[in-house]
Amino acid sequence: MASILLLGSTGSIGRSALNCVRRLPDRFSIAGLSAGNNIDLLIAQIREFGPKAVCVAAPAAAERLRELFPGVAVFSGRPGLEELVNDRDFDIMLNALVGAVGLRPTVAGLLRNKRVALANKETLVIGGDFLRPLLDAGRGSIVPIDSEHSAIMQCLAGVRNDAVESIILTASGGPFRDLPADRFAGVTAEEALNHPTWSMGKKITIDAATLMNKGFEVVEAHHLFRVSYDRLRVWIHPQSIIHSLVELHDGAVMAQLGLPDMELPIQYALSYPERLPLAGRRLSLPEIGRLEFFEPDFGRFPCLRLCIEAGRQGGVAPAVANAANEVAVEAFLAGAIPFPAIAGTVARALEYHKPMAADSLEAIEEADRLTREMVRREHTNPR
């Protein structure tokens, strides 16, 4: 029986993770949960899974939970996430938080030498330079939940690092993969949220539409698998059946295939190195009929290029790109800026930021804070 501390339990990844616990009650239990503002769903989860500790965003919601569940330790706010990680014993921390808020809980989990099942992209994007020495020193471990990185991990099983020639991450291309560039300015939030393959939260869905999400995944792969950016590539694959590929130095190419469903990579991260049964629909390639692949168009999707460039630059540049993107996505969803302005915002933030090493959480968070302030001023007082 492995106990799980689940951060982000009311989001799409969190709900899927709880489905795994429901399927395998003899293998997994819930030690703690965290949620943002969906308190009603969290209350239902507490009643079903019986965690001994929870964390919520707002202090008022925390007071409500203390009244309803007097035997449960309740924390709140960003500091509460770290307190939750440090307060309770658990075997696996599943980090399904969205945004830079996920970094400190990951660090706290690694410092406790725990396995972190990681769905929070920003942890490695903004903190990869800081986390790598911790992992090299044997402080905990990270098992990725992203379907692409889970696929790479599965393809690399039993493969020596020096046998890897390149890693290819696939991308659906999002809802605008065939849209002419001159129509991007008229894209609405509703259109951008209509992803053709995956069902995800709003922020990550917009990132998939700009391909910023794939840029994040390239940076993640660099840190997770110790592969240089020169050996990382992206292919557009509209069917989302091949989740990633690994090219070996003898010319062999390993690929992991599966239907676009997050339950498999989530369960694999929780059960690793075991593979547990998972019922459901099976992949039929004759039924799919055709698998297509295209090179990405960096001109139409500049966020992909900008994110990879930030990763190559290193230091706090990825934190700057992420912070600018988070604020710009919020503004786009609120109708304050057009779709192409997301990439423009990231480009200006990277142009004006002050390069420095990402050798402390404080340095990363200061770059994040300053970028957010600059971008919000820009959106409040547009040129």
# chains A, B, ... in the order shown; residues from 1 in each chain; ligands from 1
call {"tool": "select_by_dssp", "arguments": {"residues": "segment 68-192 of chain A", "states": "helix (DSSP H, G or I)", "output": "ChimeraX atom specification"}}
result
/A:68,77-87,100-111,121-136,147-155,161-163,181-186,189-192
call {"tool": "residues_around", "arguments": {"residues": "Val316 of chain A", "least_positions_apart": "5", "cutoff": "6 Å", "atoms": "only C-alpha atoms", "output": "number ranges by chain"}}
result
A: 356, 358, 364
call {"tool": "write_last_selection", "arguments": {"atoms": "N, CA and C atoms", "output": "PDB file, in the first residue's frame"}}
result
ATOM      1  N   MET A 356      20.570  35.993 -14.969  1.00  0.00           N
ATOM      2  CA  MET A 356      21.231  35.604 -13.726  1.00  0.00           C
ATOM      3  C   MET A 356      21.033  34.116 -13.499  1.00  0.00           C
ATOM      4  N   ALA A 358      19.967  30.599 -11.869  1.00  0.00           N
ATOM      5  CA  ALA A 358      18.808  30.108 -11.118  1.00  0.00           C
ATOM      6  C   ALA A 358      19.305  29.152 -10.033  1.00  0.00           C
ATOM      7  N   ILE A 364      14.903  32.584  -8.431  1.00  0.00           N
ATOM      8  CA  ILE A 364      13.858  32.189  -9.379  1.00  0.00           C
ATOM      9  C   ILE A 364      12.577  32.967  -9.103  1.00  0.00           C
TER      10      ILE A 364
END
call {"tool": "residues_around", "arguments": {"residues": "segment 336-342 of chain A", "least_positions_apart": "5", "cutoff": "9 Å", "atoms": "only C-alpha atoms", "output": "list in words"}}
result
Phe184, Ala185, Gly186, Val187, Thr188, Ala189, Ala192, Thr210, Cys303, Ala324, Asn325, Val327, Ala328, Val329, Glu330, Ala331, Ala347 and His379 of chain A
call {"tool": "write_last_selection", "arguments": {"atoms": "N, CA and C atoms", "output": "tab-separated table (two decimals), in the first residue's frame"}}
result
chain	number	residue	atom	x	y	z
A	184	PHE	N	-4.89	34.69	-36.93
A	184	PHE	CA	-4.64	34.50	-35.51
A	184	PHE	C	-5.15	35.68	-34.67
A	185	ALA	N	-5.10	36.88	-35.22
A	185	ALA	CA	-5.51	38.06	-34.45
A	185	ALA	C	-6.98	38.01	-34.06
A	186	GLY	N	-7.79	37.27	-34.82
A	186	GLY	CA	-9.22	37.19	-34.52
A	186	GLY	C	-9.62	35.99	-33.69
A	187	VAL	N	-8.66	35.20	-33.26
A	187	VAL	CA	-8.97	34.00	-32.47
A	187	VAL	C	-9.61	34.38	-31.14
A	188	THR	N	-10.69	33.69	-30.78
A	188	THR	CA	-11.35	33.93	-29.50
A	188	THR	C	-10.90	32.91	-28.47
A	189	ALA	N	-11.14	33.24	-27.19
A	189	ALA	CA	-10.81	32.30	-26.13
A	189	ALA	C	-11.58	31.00	-26.28
A	192	ALA	N	-9.83	28.91	-28.82
A	192	ALA	CA	-8.54	28.42	-28.33
A	192	ALA	C	-8.72	27.30	-27.31
A	210	THR	N	-0.94	27.73	-28.37
A	210	THR	CA	0.20	28.55	-28.79
A	210	THR	C	1.46	27.71	-29.03
A	303	CYS	N	5.82	31.02	-29.76
A	303	CYS	CA	6.00	30.64	-28.36
A	303	CYS	C	6.89	29.40	-28.23
A	324	ALA	N	5.78	35.51	-17.81
A	324	ALA	CA	5.17	36.36	-18.83
A	324	ALA	C	4.02	35.63	-19.51
A	325	ASN	N	4.21	34.35	-19.78
A	325	ASN	CA	3.16	33.57	-20.42
A	325	ASN	C	1.95	33.42	-19.52
A	327	VAL	N	0.80	35.38	-17.15
A	327	VAL	CA	0.04	36.63	-17.08
A	327	VAL	C	-0.64	36.92	-18.41
A	328	ALA	N	0.06	36.65	-19.51
A	328	ALA	CA	-0.52	36.91	-20.83
A	328	ALA	C	-1.71	36.00	-21.10
A	329	VAL	N	-1.63	34.74	-20.70
A	329	VAL	CA	-2.75	33.82	-20.88
A	329	VAL	C	-3.96	34.29	-20.09
A	330	GLU	N	-3.73	34.74	-18.86
A	330	GLU	CA	-4.82	35.29	-18.05
A	330	GLU	C	-5.47	36.47	-18.77
A	331	ALA	N	-4.65	37.33	-19.32
A	331	ALA	CA	-5.17	38.52	-20.01
A	331	ALA	C	-5.94	38.13	-21.27
A	347	ALA	N	8.13	37.49	-25.68
A	347	ALA	CA	9.33	37.98	-26.36
A	347	ALA	C	9.88	39.23	-25.69
A	379	HIS	N	0.22	45.55	-19.74
A	379	HIS	CA	-1.16	45.29	-20.16
A	379	HIS	C	-2.12	46.36	-19.65
call {"tool": "residues_around", "arguments": {"residues": "Ser141 of chain A", "least_positions_apart": "4", "cutoff": "8 Å", "atoms": "only C-alpha atoms", "output": "CSV table (one decimal) with C-alpha atoms, in the first residue's frame"}}
result
chain,number,residue,atom,x,y,z
A,110,LEU,CA,12.5,15.9,-2.8
A,113,ASN,CA,13.6,12.0,-0.2
A,114,LYS,CA,10.1,11.2,-1.7
A,115,ARG,CA,9.1,10.1,-5.1
A,116,VAL,CA,7.5,13.1,-6.9
A,135,LEU,CA,18.4,14.9,-7.8
call {"tool": "residues_around", "arguments": {"residues": "segment 69-81 of chain A", "least_positions_apart": "6", "cutoff": "10 Å", "atoms": "only C-alpha atoms", "output": "JSON, numbers by chain"}}
result
{"A": [7, 32, 33, 34, 35, 36, 43, 46, 47, 50, 51, 52, 53, 54, 55, 56, 57, 58, 59, 60, 61, 62, 63, 87, 88, 101, 102, 104, 105, 106, 108]}
call {"tool": "select_by_dssp", "arguments": {"residues": "segment 164-373 of chain A", "states": "strand (DSSP E)", "output": "list in words"}}
result
Val164, Glu165, Ser166, Ile167, Ile168, Leu169, Thr170, Ala171, Leu232, Arg233, Val234, Trp235, Ile236, Ile242, His243, Ser244, Leu245, Val246, Glu247, Leu248, Val253, Met254, Ala255, Gln256 and Leu257 of chain A
call {"tool": "atom_distance", "arguments": {"atom1": "atom CA of Asp136 of chain A", "atom2": "atom CA of Pro355 of chain A"}}
result
24.7 Å
call {"tool": "residues_around", "arguments": {"residues": "Glu220 of chain A", "least_positions_apart": "3", "cutoff": "7 Å", "atoms": "only C-alpha atoms", "output": "short mmCIF file (atom, residue, chain, number, x, y, z; two decimals) with C-alpha atoms, in the first residue's frame"}}
result
data_model
loop_
_atom_site.label_atom_id
_atom_site.label_comp_id
_atom_site.auth_asym_id
_atom_site.auth_seq_id
_atom_site.Cartn_x
_atom_site.Cartn_y
_atom_site.Cartn_z
CA LEU A 124 11.28 21.79 -14.18
CA VAL A 125 10.82 24.69 -16.58
CA PHE A 216 7.87 23.72 -21.80
CA GLU A 217 8.08 20.01 -22.49
CA HIS A 223 16.41 18.31 -17.40
CA LEU A 224 14.70 14.96 -16.93
#
call {"tool": "residues_around", "arguments": {"residues": "segment 147-158 of chain A", "least_positions_apart": "5", "cutoff": "10 Å", "atoms": "only C-alpha atoms", "output": "PyMOL selection string"}}
result
chain A and resi 119+163-164+167-171+214+217-218+220-221+224-225+240+242-248+253-258+260-266+268-269+273
call {"tool": "decode", "arguments": {"residues": "segment 101-116 of chain A", "atoms": "all heavy atoms", "output": "CSV table (one decimal), in the first residue's frame"}}
result
chain,number,residue,atom,x,y,z
A,101,VAL,N,3.6,28.1,-8.7
A,101,VAL,CA,3.3,27.7,-7.4
A,101,VAL,C,3.7,26.2,-7.1
A,101,VAL,O,3.9,25.9,-5.9
A,101,VAL,CB,1.8,27.9,-7.1
A,101,VAL,CG1,0.9,26.9,-7.9
A,101,VAL,CG2,1.5,27.7,-5.6
A,102,GLY,N,3.9,25.4,-8.1
A,102,GLY,CA,4.2,24.0,-7.9
A,102,GLY,C,5.7,23.8,-7.6
A,102,GLY,O,6.0,22.7,-7.1
A,103,LEU,N,6.6,24.8,-7.7
A,103,LEU,CA,8.0,24.6,-7.5
A,103,LEU,C,8.3,24.2,-6.0
A,103,LEU,O,9.0,23.2,-5.8
A,103,LEU,CB,8.8,25.8,-8.0
A,103,LEU,CG,10.3,25.7,-7.7
A,103,LEU,CD1,10.9,24.5,-8.4
A,103,LEU,CD2,11.0,27.0,-8.2
A,104,ARG,N,8.0,25.1,-5.1
A,104,ARG,CA,8.4,24.9,-3.7
A,104,ARG,C,7.9,23.6,-3.1
A,104,ARG,O,8.6,22.9,-2.4
A,104,ARG,CB,8.0,26.1,-2.8
A,104,ARG,CG,8.9,27.2,-2.9
A,104,ARG,CD,8.7,28.3,-1.9
A,104,ARG,NE,9.7,29.4,-1.9
A,104,ARG,CZ,10.8,29.4,-1.2
A,104,ARG,NH1,11.0,28.4,-0.4
A,104,ARG,NH2,11.6,30.4,-1.3
A,105,PRO,N,6.6,23.2,-3.4
A,105,PRO,CA,6.2,21.8,-2.9
A,105,PRO,C,7.0,20.7,-3.4
A,105,PRO,O,7.3,19.7,-2.7
A,105,PRO,CB,4.7,21.7,-3.3
A,105,PRO,CG,4.3,23.2,-3.5
A,105,PRO,CD,5.5,23.9,-3.9
A,106,THR,N,7.4,20.8,-4.7
A,106,THR,CA,8.3,19.8,-5.3
A,106,THR,C,9.6,19.7,-4.6
A,106,THR,O,10.1,18.6,-4.2
A,106,THR,CB,8.5,20.0,-6.8
A,106,THR,OG1,7.3,19.9,-7.5
A,106,THR,CG2,9.5,19.0,-7.4
A,107,VAL,N,10.2,20.9,-4.4
A,107,VAL,CA,11.5,20.9,-3.6
A,107,VAL,C,11.3,20.3,-2.2
A,107,VAL,O,12.2,19.5,-1.8
A,107,VAL,CB,12.0,22.3,-3.5
A,107,VAL,CG1,13.2,22.4,-2.6
A,107,VAL,CG2,12.4,22.9,-4.9
A,108,ALA,N,10.2,20.7,-1.5
A,108,ALA,CA,10.0,20.1,-0.2
A,108,ALA,C,9.9,18.6,-0.2
A,108,ALA,O,10.4,17.9,0.6
A,108,ALA,CB,8.7,20.7,0.4
A,109,GLY,N,9.2,18.1,-1.2
A,109,GLY,CA,9.1,16.6,-1.3
A,109,GLY,C,10.4,16.0,-1.6
A,109,GLY,O,10.7,14.9,-1.0
A,110,LEU,N,11.2,16.5,-2.5
A,110,LEU,CA,12.5,15.9,-2.8
A,110,LEU,C,13.4,16.0,-1.6
A,110,LEU,O,14.2,15.0,-1.3
A,110,LEU,CB,13.2,16.7,-4.0
A,110,LEU,CG,12.5,16.5,-5.3
A,110,LEU,CD1,13.2,17.3,-6.4
A,110,LEU,CD2,12.4,15.0,-5.8
A,111,LEU,N,13.4,17.1,-0.8
A,111,LEU,CA,14.2,17.2,0.4
A,111,LEU,C,13.8,16.2,1.4
A,111,LEU,O,14.6,15.8,2.3
A,111,LEU,CB,14.1,18.6,0.9
A,111,LEU,CG,14.8,19.7,0.1
A,111,LEU,CD1,14.6,21.1,0.7
A,111,LEU,CD2,16.3,19.4,0.0
A,112,ARG,N,12.6,15.7,1.3
A,112,ARG,CA,12.2,14.6,2.2
A,112,ARG,C,12.5,13.2,1.6
A,112,ARG,O,12.0,12.2,2.1
A,112,ARG,CB,10.7,14.7,2.6
A,112,ARG,CG,10.3,15.9,3.4
A,112,ARG,CD,8.9,15.8,4.0
A,112,ARG,NE,8.8,14.6,4.9
A,112,ARG,CZ,7.6,14.2,5.3
A,112,ARG,NH1,6.5,14.8,5.0
A,112,ARG,NH2,7.6,13.2,6.1
A,113,ASN,N,13.2,13.2,0.5
A,113,ASN,CA,13.6,12.0,-0.2
A,113,ASN,C,12.4,11.2,-0.7
A,113,ASN,O,12.4,9.9,-0.7
A,113,ASN,CB,14.5,11.1,0.7
A,113,ASN,CG,15.8,11.8,0.9
A,113,ASN,OD1,16.4,12.3,0.0
A,113,ASN,ND2,16.2,11.7,2.2
A,114,LYS,N,11.3,11.9,-1.2
A,114,LYS,CA,10.1,11.2,-1.7
A,114,LYS,C,10.1,11.1,-3.2
A,114,LYS,O,10.8,11.9,-3.9
A,114,LYS,CB,8.9,12.0,-1.2
A,114,LYS,CG,8.7,12.2,0.3
A,114,LYS,CD,8.5,10.9,1.0
A,114,LYS,CE,8.3,11.1,2.5
A,114,LYS,NZ,8.0,9.8,3.2
A,115,ARG,N,9.3,10.2,-3.7
A,115,ARG,CA,9.1,10.1,-5.1
A,115,ARG,C,8.1,11.2,-5.5
A,115,ARG,O,7.0,11.3,-4.8
A,115,ARG,CB,8.5,8.8,-5.6
A,115,ARG,CG,8.2,8.8,-7.1
A,115,ARG,CD,7.3,7.6,-7.5
A,115,ARG,NE,8.0,6.4,-7.2
A,115,ARG,CZ,7.4,5.2,-7.5
A,115,ARG,NH1,6.2,5.1,-8.1
A,115,ARG,NH2,8.1,4.1,-7.3
A,116,VAL,N,8.4,12.1,-6.4
A,116,VAL,CA,7.5,13.1,-6.9
A,116,VAL,C,6.9,12.7,-8.3
A,116,VAL,O,7.7,12.6,-9.2
A,116,VAL,CB,8.1,14.5,-7.0
A,116,VAL,CG1,7.1,15.5,-7.5
A,116,VAL,CG2,8.6,14.9,-5.6
